[in-house]
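Heads up, run.cif below (mmCIF, C-alpha atoms):
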data_entry
#
loop_
_atom_site.group_PDB
_atom_site.id
_atom_site.type_symbol
_atom_site.label_atom_id
_atom_site.label_comp_id
_atom_site.auth_asym_id
_atom_site.auth_seq_id
_atom_site.Cartn_x
_atom_site.Cartn_y
_atom_site.Cartn_z
ATOM 1 C CA MET D 160 16.805 36.934 -29.672
ATOM 2 C CA THR D 161 13.304 35.606 -30.290
ATOM 3 C CA TRP D 162 10.143 37.150 -28.855
ATOM 4 C CA ASN D 163 6.403 36.740 -29.254
ATOM 5 C CA VAL D 164 5.149 40.292 -28.610
ATOM 6 C CA TRP D 165 1.395 39.531 -28.273
ATOM 7 C CA TRP D 166 0.023 41.501 -31.243
ATOM 8 C CA ARG D 167 -2.410 44.244 -30.124
ATOM 9 C CA PHE D 168 -3.972 42.090 -27.429
ATOM 10 C CA GLY D 169 -4.651 43.424 -23.971
ATOM 11 C CA PRO D 170 -5.976 46.848 -23.012
ATOM 12 C CA VAL D 171 -2.661 48.747 -23.215
ATOM 13 C CA TRP D 172 -1.021 47.551 -26.412
ATOM 14 C CA VAL D 173 0.274 51.030 -27.303
ATOM 15 C CA ALA D 174 2.029 51.280 -23.952
ATOM 16 C CA ARG D 175 3.251 47.703 -24.396
ATOM 17 C CA HIS D 176 4.802 48.709 -27.714
ATOM 18 C CA GLU D 177 6.868 51.335 -25.905
ATOM 19 C CA ALA D 178 7.893 48.757 -23.290
ATOM 20 C CA ILE D 179 8.884 46.345 -26.070
ATOM 21 C CA ALA D 180 11.060 49.030 -27.649
ATOM 22 C CA GLN D 181 12.682 49.842 -24.303
ATOM 23 C CA THR D 182 13.387 46.160 -23.687
ATOM 24 C CA LEU D 183 14.997 45.739 -27.089
ATOM 25 C CA ARG D 184 17.052 48.865 -26.566
ATOM 26 C CA ALA D 185 18.321 47.514 -23.242
ATOM 27 C CA VAL D 186 19.173 44.033 -24.571
ATOM 28 C CA ASP D 187 20.727 45.505 -27.746
ATOM 29 C CA PRO D 188 20.609 42.263 -29.754
ATOM 30 C CA ASP D 189 22.155 41.838 -33.197
ATOM 31 C CA VAL D 190 19.209 39.897 -34.637
ATOM 32 C CA VAL D 191 15.651 39.598 -33.312
ATOM 33 C CA ALA D 192 12.972 37.218 -34.604
ATOM 34 C CA LEU D 193 9.538 38.592 -33.682
ATOM 35 C CA GLN D 194 6.193 36.803 -33.625
ATOM 36 C CA GLU D 195 2.626 38.066 -33.231
ATOM 37 C CA VAL D 196 3.499 41.465 -34.618
ATOM 38 C CA TRP D 197 0.725 43.559 -36.157
ATOM 39 C CA GLY D 198 0.638 44.485 -39.808
ATOM 40 C CA THR D 199 -1.586 46.610 -42.052
ATOM 41 C CA ARG D 200 -1.413 47.489 -45.733
ATOM 42 C CA ALA D 201 0.283 50.748 -44.813
ATOM 43 C CA THR D 202 2.798 49.683 -42.167
ATOM 44 C CA ASN D 203 3.622 47.154 -39.462
ATOM 45 C CA GLN D 204 5.053 46.873 -35.973
ATOM 46 C CA VAL D 205 8.439 45.614 -37.166
ATOM 47 C CA ALA D 206 8.930 48.668 -39.362
ATOM 48 C CA ALA D 207 7.910 50.919 -36.467
ATOM 49 C CA LEU D 208 10.374 49.259 -34.087
ATOM 50 C CA GLY D 209 13.103 49.350 -36.710
ATOM 51 C CA ALA D 210 12.646 53.082 -37.185
ATOM 52 C CA GLU D 211 12.656 53.727 -33.437
ATOM 53 C CA LEU D 212 15.715 51.566 -32.750
ATOM 54 C CA GLU D 213 17.612 52.318 -35.984
ATOM 55 C CA LEU D 214 17.609 48.655 -36.992
ATOM 56 C CA HIS D 215 16.906 47.024 -40.347
ATOM 57 C CA ALA D 216 13.416 45.538 -40.435
ATOM 58 C CA ALA D 217 11.306 43.156 -42.517
ATOM 59 C CA TYR D 218 7.797 41.745 -42.089
ATOM 60 C CA ALA D 219 5.699 38.859 -43.447
ATOM 61 C CA GLY D 220 2.167 37.672 -42.759
ATOM 62 C CA PRO D 221 -0.152 36.251 -41.903
ATOM 63 C CA SER D 222 1.235 33.800 -39.391
ATOM 64 C CA TYR D 223 -1.911 33.276 -37.315
ATOM 65 C CA PRO D 224 -5.657 33.494 -37.899
ATOM 66 C CA PRO D 225 -7.112 37.010 -37.740
ATOM 67 C CA ALA D 226 -7.858 38.254 -34.247
ATOM 68 C CA THR D 227 -11.552 37.881 -33.451
ATOM 69 C CA ASP D 228 -11.871 40.113 -30.384
ATOM 70 C CA VAL D 229 -12.127 43.441 -32.193
ATOM 71 C CA ALA D 230 -15.371 44.677 -30.685
ATOM 72 C CA ARG D 231 -13.414 46.627 -28.067
ATOM 73 C CA ASP D 232 -11.541 48.522 -30.808
ATOM 74 C CA PRO D 233 -12.838 48.525 -34.407
ATOM 75 C CA ARG D 234 -9.435 49.806 -35.529
ATOM 76 C CA ASP D 235 -8.112 46.265 -35.060
ATOM 77 C CA ALA D 236 -10.383 44.864 -37.779
ATOM 78 C CA GLY D 237 -8.305 43.660 -40.695
ATOM 79 C CA VAL D 238 -4.991 44.064 -38.849
ATOM 80 C CA GLU D 239 -2.842 41.032 -39.602
ATOM 81 C CA ILE D 240 -0.879 38.889 -37.152
ATOM 82 C CA GLY D 241 2.553 38.295 -38.649
ATOM 83 C CA ILE D 242 6.249 37.672 -38.030
ATOM 84 C CA GLY D 243 9.283 39.838 -38.570
ATOM 85 C CA LEU D 244 12.999 40.364 -38.213
ATOM 86 C CA LEU D 245 15.056 43.205 -36.772
ATOM 87 C CA SER D 246 18.761 43.242 -37.549
ATOM 88 C CA ARG D 247 21.802 45.349 -36.809
ATOM 89 C CA TRP D 248 22.951 44.530 -40.337
ATOM 90 C CA GLU D 249 21.167 44.903 -43.658
ATOM 91 C CA ILE D 250 18.594 42.231 -44.528
ATOM 92 C CA THR D 251 19.628 41.232 -48.041
ATOM 93 C CA GLY D 252 17.361 38.198 -48.540
ATOM 94 C CA TRP D 253 13.722 37.602 -47.583
ATOM 95 C CA ARG D 254 11.981 34.448 -48.795
ATOM 96 C CA VAL D 255 8.432 33.910 -47.566
ATOM 97 C CA VAL D 256 7.380 30.241 -47.497
ATOM 98 C CA PRO D 257 3.795 29.004 -46.933
ATOM 99 C CA MET D 258 3.540 26.483 -44.103
ATOM 100 C CA PRO D 259 1.196 23.471 -44.124
ATOM 101 C CA ALA D 260 -2.124 24.203 -42.416
ATOM 102 C CA ARG D 261 -4.784 21.603 -43.186
ATOM 103 C CA HIS D 262 -7.161 23.010 -40.584
ATOM 104 C CA ARG D 263 -6.862 26.699 -41.429
ATOM 105 C CA ALA D 264 -8.494 28.770 -44.148
ATOM 106 C CA PHE D 265 -5.182 30.456 -44.991
ATOM 107 C CA ASP D 266 -1.514 29.520 -45.303
ATOM 108 C CA PRO D 267 0.592 30.775 -42.385
ATOM 109 C CA VAL D 268 4.085 31.776 -43.428
ATOM 110 C CA ALA D 269 7.651 31.041 -42.434
ATOM 111 C CA VAL D 270 10.616 33.127 -43.603
ATOM 112 C CA VAL D 271 14.173 32.403 -44.672
ATOM 113 C CA ALA D 272 16.131 35.619 -44.187
ATOM 114 C CA THR D 273 19.689 36.530 -45.120
ATOM 115 C CA VAL D 274 21.501 39.100 -42.999
ATOM 116 C CA ALA D 275 24.674 40.845 -44.158
ATOM 117 C CA HIS D 276 26.840 39.875 -41.188
ATOM 118 C CA PRO D 277 30.326 41.431 -41.511
ATOM 119 C CA VAL D 278 31.961 38.003 -41.850
ATOM 120 C CA ALA D 279 29.563 36.305 -44.279
ATOM 121 C CA PRO D 280 25.824 36.004 -44.952
ATOM 122 C CA LEU D 281 23.916 34.851 -41.877
ATOM 123 C CA ARG D 282 20.783 32.768 -42.559
ATOM 124 C CA VAL D 283 17.840 32.980 -40.176
ATOM 125 C CA VAL D 284 14.749 30.772 -40.486
ATOM 126 C CA MET D 285 11.702 32.056 -38.590
ATOM 127 C CA GLY D 286 8.227 30.808 -37.825
ATOM 128 C CA CYS D 287 5.364 30.784 -35.347
ATOM 129 C CA LEU D 288 3.846 27.312 -35.214
ATOM 130 C CA GLU D 289 0.211 26.258 -34.841
ATOM 131 C CA TYR D 290 -1.029 26.821 -31.293
ATOM 132 C CA ASP D 291 -4.210 24.728 -31.121
ATOM 133 C CA PRO D 292 -3.502 21.268 -29.615
ATOM 134 C CA ALA D 293 -6.345 19.899 -31.722
ATOM 135 C CA TYR D 294 -4.169 20.643 -34.759
ATOM 136 C CA ASN D 295 -0.944 19.009 -33.608
ATOM 137 C CA ASP D 296 -0.607 17.350 -36.993
ATOM 138 C CA ASP D 297 -0.162 20.808 -38.502
ATOM 139 C CA ARG D 298 2.303 21.801 -35.791
ATOM 140 C CA LEU D 299 4.404 18.726 -36.501
ATOM 141 C CA ALA D 300 4.298 19.342 -40.262
ATOM 142 C CA GLN D 301 5.302 22.977 -39.728
ATOM 143 C CA ALA D 302 8.239 21.974 -37.529
ATOM 144 C CA ALA D 303 9.313 19.575 -40.263
ATOM 145 C CA LEU D 304 9.166 22.405 -42.800
ATOM 146 C CA LEU D 305 11.388 24.638 -40.652
ATOM 147 C CA ALA D 306 13.860 21.763 -40.310
ATOM 148 C CA GLU D 307 13.817 21.217 -44.072
ATOM 149 C CA LEU D 308 14.436 24.898 -44.726
ATOM 150 C CA ALA D 309 17.269 25.059 -42.186
ATOM 151 C CA THR D 310 19.063 22.019 -43.595
ATOM 152 C CA ASP D 311 18.866 23.145 -47.228
ATOM 153 C CA PRO D 312 22.453 22.899 -48.568
ATOM 154 C CA ALA D 313 21.814 26.122 -50.504
ATOM 155 C CA LEU D 314 22.041 27.994 -47.183
ATOM 156 C CA ASP D 315 25.450 26.592 -46.311
ATOM 157 C CA GLY D 316 28.288 29.018 -45.758
ATOM 158 C CA PRO D 317 30.894 29.926 -43.150
ATOM 159 C CA LEU D 318 28.289 30.966 -40.557
ATOM 160 C CA PRO D 319 25.695 28.844 -38.760
ATOM 161 C CA ILE D 320 22.073 28.621 -39.837
ATOM 162 C CA VAL D 321 19.721 29.811 -37.086
ATOM 163 C CA VAL D 322 16.075 28.856 -36.505
ATOM 164 C CA ALA D 323 14.099 31.057 -34.121
ATOM 165 C CA GLY D 324 10.486 31.429 -33.134
ATOM 166 C CA ASP D 325 7.517 30.611 -30.982
ATOM 167 C CA LEU D 326 7.147 26.887 -31.622
ATOM 168 C CA ASN D 327 4.306 26.264 -29.162
ATOM 169 C CA ALA D 328 5.923 23.108 -27.806
ATOM 170 C CA PRO D 329 8.371 22.515 -24.943
ATOM 171 C CA PRO D 330 11.836 20.947 -25.168
ATOM 172 C CA GLY D 331 11.625 17.216 -25.672
ATOM 173 C CA SER D 332 8.205 17.361 -27.286
ATOM 174 C CA PRO D 333 7.718 14.833 -30.104
ATOM 175 C CA LEU D 334 6.312 17.759 -32.089
ATOM 176 C CA LEU D 335 9.798 19.280 -32.208
ATOM 177 C CA ARG D 336 11.617 16.083 -33.156
ATOM 178 C CA PRO D 337 12.045 17.183 -36.791
ATOM 179 C CA LEU D 338 14.092 20.134 -35.482
ATOM 180 C CA SER D 339 15.853 18.535 -32.517
ATOM 181 C CA ASP D 340 16.983 15.610 -34.661
ATOM 182 C CA VAL D 341 19.006 17.820 -37.030
ATOM 183 C CA LEU D 342 19.703 21.038 -35.105
ATOM 184 C CA THR D 343 21.146 22.071 -31.739
ATOM 185 C CA ASP D 344 18.903 23.703 -29.158
ATOM 186 C CA ALA D 345 20.858 26.807 -28.125
ATOM 187 C CA TRP D 346 19.330 27.091 -24.662
ATOM 188 C CA PRO D 347 20.703 23.882 -23.109
ATOM 189 C CA ALA D 348 23.846 24.210 -25.238
ATOM 190 C CA GLY D 349 24.513 27.448 -23.366
ATOM 191 C CA ALA D 350 23.636 25.949 -19.962
ATOM 192 C CA GLY D 351 20.363 27.858 -19.881
ATOM 193 C CA ASP D 352 18.135 27.284 -16.869
ATOM 194 C CA PRO D 353 15.987 24.226 -17.733
ATOM 195 C CA SER D 354 13.150 25.546 -15.572
ATOM 196 C CA VAL D 355 12.754 28.776 -17.556
ATOM 197 C CA ALA D 356 9.219 29.347 -18.820
ATOM 198 C CA THR D 357 8.335 31.587 -21.758
ATOM 199 C CA ALA D 358 4.719 30.484 -22.282
ATOM 200 C CA PRO D 359 1.921 32.919 -21.405
ATOM 201 C CA ALA D 360 -0.134 32.483 -18.254
ATOM 202 C CA GLU D 361 -3.183 31.419 -20.263
ATOM 203 C CA ALA D 362 -1.338 28.613 -22.044
ATOM 204 C CA GLY D 363 -2.969 25.202 -22.011
ATOM 205 C CA PRO D 364 -1.888 22.617 -19.433
ATOM 206 C CA GLU D 365 0.595 21.013 -21.815
ATOM 207 C CA LEU D 366 2.444 24.344 -22.281
ATOM 208 C CA LEU D 367 1.965 26.214 -19.007
ATOM 209 C CA GLY D 368 5.260 26.805 -17.228
ATOM 210 C CA GLN D 369 7.253 25.581 -20.232
ATOM 211 C CA ARG D 370 9.831 27.079 -22.579
ATOM 212 C CA ILE D 371 7.957 27.157 -25.882
ATOM 213 C CA ASP D 372 10.123 29.802 -27.598
ATOM 214 C CA HIS D 373 13.291 28.452 -29.134
ATOM 215 C CA VAL D 374 16.580 29.195 -30.872
ATOM 216 C CA TYR D 375 18.148 26.321 -32.793
ATOM 217 C CA PHE D 376 21.244 26.289 -34.981
ATOM 218 C CA ARG D 377 23.498 24.133 -37.081
ATOM 219 C CA PRO D 378 27.061 24.781 -38.297
ATOM 220 C CA GLY D 379 27.592 26.002 -41.827
ATOM 221 C CA ARG D 380 29.359 24.323 -44.695
ATOM 222 C CA PHE D 381 32.820 24.326 -43.142
ATOM 223 C CA ASN D 382 31.508 22.888 -39.867
ATOM 224 C CA HIS D 383 33.138 25.658 -37.862
ATOM 225 C CA PRO D 384 32.496 25.144 -34.138
ATOM 226 C CA VAL D 385 29.526 27.062 -32.742
ATOM 227 C CA THR D 386 29.292 27.669 -29.013
ATOM 228 C CA VAL D 387 26.601 29.355 -26.943
ATOM 229 C CA ILE D 388 28.389 31.625 -24.499
ATOM 230 C CA ALA D 389 25.373 33.210 -22.778
ATOM 231 C CA THR D 390 21.634 32.697 -22.329
ATOM 232 C CA SER D 391 19.042 34.912 -20.711
ATOM 233 C CA THR D 392 15.415 35.972 -20.852
ATOM 234 C CA ALA D 393 13.930 39.450 -21.155
ATOM 235 C CA GLY D 394 10.563 41.114 -20.836
ATOM 236 C CA ASP D 395 10.286 42.325 -17.249
ATOM 237 C CA PRO D 396 7.635 44.970 -16.502
ATOM 238 C CA ILE D 397 8.634 48.564 -17.219
ATOM 239 C CA ASP D 398 6.841 51.264 -15.238
ATOM 240 C CA GLY D 399 4.148 48.743 -14.378
ATOM 241 C CA ILE D 400 3.649 47.636 -18.013
ATOM 242 C CA THR D 401 4.462 44.023 -18.937
ATOM 243 C CA PRO D 402 5.674 44.154 -22.558
ATOM 244 C CA SER D 403 4.240 40.799 -23.640
ATOM 245 C CA ASP D 404 2.581 37.655 -22.352
ATOM 246 C CA HIS D 405 5.711 35.745 -23.473
ATOM 247 C CA ARG D 406 9.239 36.031 -22.167
ATOM 248 C CA ALA D 407 11.892 36.782 -24.756
ATOM 249 C CA LEU D 408 14.713 34.287 -25.213
ATOM 250 C CA VAL D 409 18.262 35.638 -25.747
ATOM 251 C CA CYS D 410 21.142 33.395 -26.840
ATOM 252 C CA THR D 411 24.650 34.631 -27.619
ATOM 253 C CA LEU D 412 26.354 32.455 -30.238
ATOM 254 C CA ASN D 413 30.098 32.472 -30.818
ATOM 255 C CA PHE D 414 31.378 31.216 -34.167
#
Please, can you express the file's structure as structure tokens?
Amino acid sequence: MTWNVWWRFGPVWVARHEAIAQTLRAVDPDVVALQEVWGTRATNQVAALGAELELHAAYAGPSYPPATDVARDPRDAGVEIGIGLLSRWEITGWRVVPMPARHRAFDPVAVVATVAHPVAPLRVVMGCLEYDPAYNDDRLAQAALLAELATDPALDGPLPIVVAGDLNAPPGSPLLRPLSDVLTDAWPAGAGDPSVATAPAEAGPELLGQRIDHVYFRPGRFNHPVTVIATSTAGDPIDGITPSDHRALVCTLNF
């Protein structure tokens, strides 16, 4: 599962956090890549969700520029926007990798995680790519980095390598060619609805109504077949609260 959970944006982010937790509890995924999670020096949203759901959790940041609309709540000043992983199994590896960002005053991060799947180590590469269309060169370079990380022979093993995140580009975009050239898009591989949209309502015209959140994979060293046996989205309103401005993407891989 991959889900951009919209940081602390909107007027009811505390209530949204509860709706996010309820959604995750209902879906009951094995592994969840999260984007736009909040993080402070003391704690972070991934750790909070992990404690509530009894899942292993890890966090890295920043992944986006600091939020600028903090006048409504000074408590948001200095709160980072990051990425994270929740896992049913122990997270035994966590490598944080700076991504190229020529137009930013900081280095956003990607992560290569190792999860102690009962069969063998499961590698998960995560990122949240540049969102500003004026900086598409960065978005393309960041997609290329994720592809490079995912195809590193050092990650090879019996299980597939998974890439998950908010990539801020729809299927077929030239900006995702570095990934689509070397990995399989799990959504169409599992006969997912091609009209599904995960982008927020305020997305620019090139993203509005598009699936911009993605799960990719490639087979491991022994080239064992990988099939996608189910696809779905999540994130419906709960008690009138919409958990996030993005839909979550859920893909069930069989290997």
Could you list, with a cut-off of 12 Å and counting all atoms listed in the file, the residues of segment 250-328 of chain D near segment 341-347 of chain D, each shown with its nearest atom pair and the distance in Å rounded to one decimal, rows sorted by chain and ascending number, as a tab-separated table?
residue	atom	partner	partner_atom	distance
D:Ala302	CA	D:Val341	CA	11.6
D:Ala303	CA	D:Val341	CA	10.4
D:Leu305	CA	D:Leu342	CA	10.6
D:Ala306	CA	D:Val341	CA	7.3
D:Glu307	CA	D:Val341	CA	9.4
D:Leu308	CA	D:Val341	CA	11.4
D:Ala309	CA	D:Leu342	CA	8.5
D:Thr310	CA	D:Val341	CA	7.8
D:Asp311	CA	D:Val341	CA	11.5
D:Pro319	CA	D:Leu342	CA	10.5
D:Ile320	CA	D:Leu342	CA	9.2
D:Val321	CA	D:Leu342	CA	9.0
D:Val322	CA	D:Leu342	CA	8.7
D:Ala323	CA	D:Ala345	CA	10.0
Expected answer as number ranges by chain: all residues with atoms within 12 Å of (24.4, 22.8, -28.0), only C-alpha atoms
D: 339, 341-351, 374-378, 384-390, 410-413
Okay, now the selection with C-alpha atoms, as a CSV table (one decimal), in the coordinates of the input?
chain,number,residue,atom,x,y,z
D,339,SER,CA,15.9,18.5,-32.5
D,341,VAL,CA,19.0,17.8,-37.0
D,342,LEU,CA,19.7,21.0,-35.1
D,343,THR,CA,21.1,22.1,-31.7
D,344,ASP,CA,18.9,23.7,-29.2
D,345,ALA,CA,20.9,26.8,-28.1
D,346,TRP,CA,19.3,27.1,-24.7
D,347,PRO,CA,20.7,23.9,-23.1
D,348,ALA,CA,23.8,24.2,-25.2
D,349,GLY,CA,24.5,27.4,-23.4
D,350,ALA,CA,23.6,25.9,-20.0
D,351,GLY,CA,20.4,27.9,-19.9
D,374,VAL,CA,16.6,29.2,-30.9
D,375,TYR,CA,18.1,26.3,-32.8
D,376,PHE,CA,21.2,26.3,-35.0
D,377,ARG,CA,23.5,24.1,-37.1
D,378,PRO,CA,27.1,24.8,-38.3
D,384,PRO,CA,32.5,25.1,-34.1
D,385,VAL,CA,29.5,27.1,-32.7
D,386,THR,CA,29.3,27.7,-29.0
D,387,VAL,CA,26.6,29.4,-26.9
D,388,ILE,CA,28.4,31.6,-24.5
D,389,ALA,CA,25.4,33.2,-22.8
D,390,THR,CA,21.6,32.7,-22.3
D,410,CYS,CA,21.1,33.4,-26.8
D,411,THR,CA,24.6,34.6,-27.6
D,412,LEU,CA,26.4,32.5,-30.2
D,413,ASN,CA,30.1,32.5,-30.8
Going by the chain IDs and residue numbers used in this file, which residues fall under the PyMOL selection byres ((chain D and resi 183) around 12)? Write them as a PyMOL selection string.
chain D and resi 160-162+164+176-182+184-193+208-209+211-214+245-247+392-395+402+407-409
Written as a PDB file with C-alpha atoms, keeping the file's coordinate frame, what is the full residue list that the PyMOL selection byres ((chain D and resi 261) around 10) yields on the file shown?
ATOM      1  CA  MET D 258       3.540  26.483 -44.103  1.00  0.00           C
ATOM      2  CA  PRO D 259       1.196  23.471 -44.124  1.00  0.00           C
ATOM      3  CA  ALA D 260      -2.124  24.203 -42.416  1.00  0.00           C
ATOM      4  CA  HIS D 262      -7.161  23.010 -40.584  1.00  0.00           C
ATOM      5  CA  ARG D 263      -6.862  26.699 -41.429  1.00  0.00           C
ATOM      6  CA  ALA D 264      -8.494  28.770 -44.148  1.00  0.00           C
ATOM      7  CA  PHE D 265      -5.182  30.456 -44.991  1.00  0.00           C
ATOM      8  CA  ASP D 266      -1.514  29.520 -45.303  1.00  0.00           C
ATOM      9  CA  TYR D 294      -4.169  20.643 -34.759  1.00  0.00           C
ATOM     10  CA  ASP D 296      -0.607  17.350 -36.993  1.00  0.00           C
ATOM     11  CA  ASP D 297      -0.162  20.808 -38.502  1.00  0.00           C
ATOM     12  CA  ALA D 300       4.298  19.342 -40.262  1.00  0.00           C
TER      13      ALA D 300
END
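Taking atom CA of Arg406 of chain D as the reference point, atom CA of Ser391 of chain D is found at 10.0 Å.
Closest approach to Leu288 of chain D among D:Gln369, D:Asn382, D:Asn163, D:Asn203: D:Asn163, based on only C-alpha atoms.
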Nearest to Arg254 of chain D: which of D:Gly331, D:Pro353, D:Pro317, D:Gly220 is it, counting only C-alpha atoms?
D:Gly220
For the PyMOL selection byres ((chain D and resi 358) around 12), applied here, can you spell out every residue it catches as a PyMOL selection string?
chain D and resi 162-165+290+325-329+354-357+359-373+403-408
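For the pair atom CA of Val268 of chain D and atom CA of Leu299 of chain D, the interatomic distance is 14.8 Å.
Relative to atom CA of Arg380 of chain D, atom CA of Leu314 of chain D is found at 8.6 Å.
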Test item: residues at most 7 Å from Trp248 of chain D, only C-alpha atoms, excluding those fewer than 2 positions along its chain, as a PDB file with C-alpha atoms, in the coordinates of the input:
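Contents of around-v4.pdb, freshly written:
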ATOM      1  CA  HIS D 215      16.906  47.024 -40.347  1.00  0.00           C
ATOM      2  CA  SER D 246      18.761  43.242 -37.549  1.00  0.00           C
ATOM      3  CA  ILE D 250      18.594  42.231 -44.528  1.00  0.00           C
ATOM      4  CA  VAL D 274      21.501  39.100 -42.999  1.00  0.00           C
ATOM      5  CA  ALA D 275      24.674  40.845 -44.158  1.00  0.00           C
ATOM      6  CA  HIS D 276      26.840  39.875 -41.188  1.00  0.00           C
TER       7      HIS D 276
END
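Take the candidates D:Gln301, D:Asn295, D:Thr401, D:Thr199 and check each one against Glu239 of chain D using only C-alpha atoms; the shortest distance goes to D:Thr199.
In terms of minimum interatomic distance to Gln194 of chain D, D:Gly324 ranks closest within D:Pro330, D:Pro280, D:Gly324, D:Gly316, counting all atoms listed in the file.
Between Thr202 of chain D and the candidates D:Gly379, D:Pro257, D:Gly241, D:Pro292, the tightest atom-to-atom separation, counting all atoms listed in the file, involves D:Gly241.
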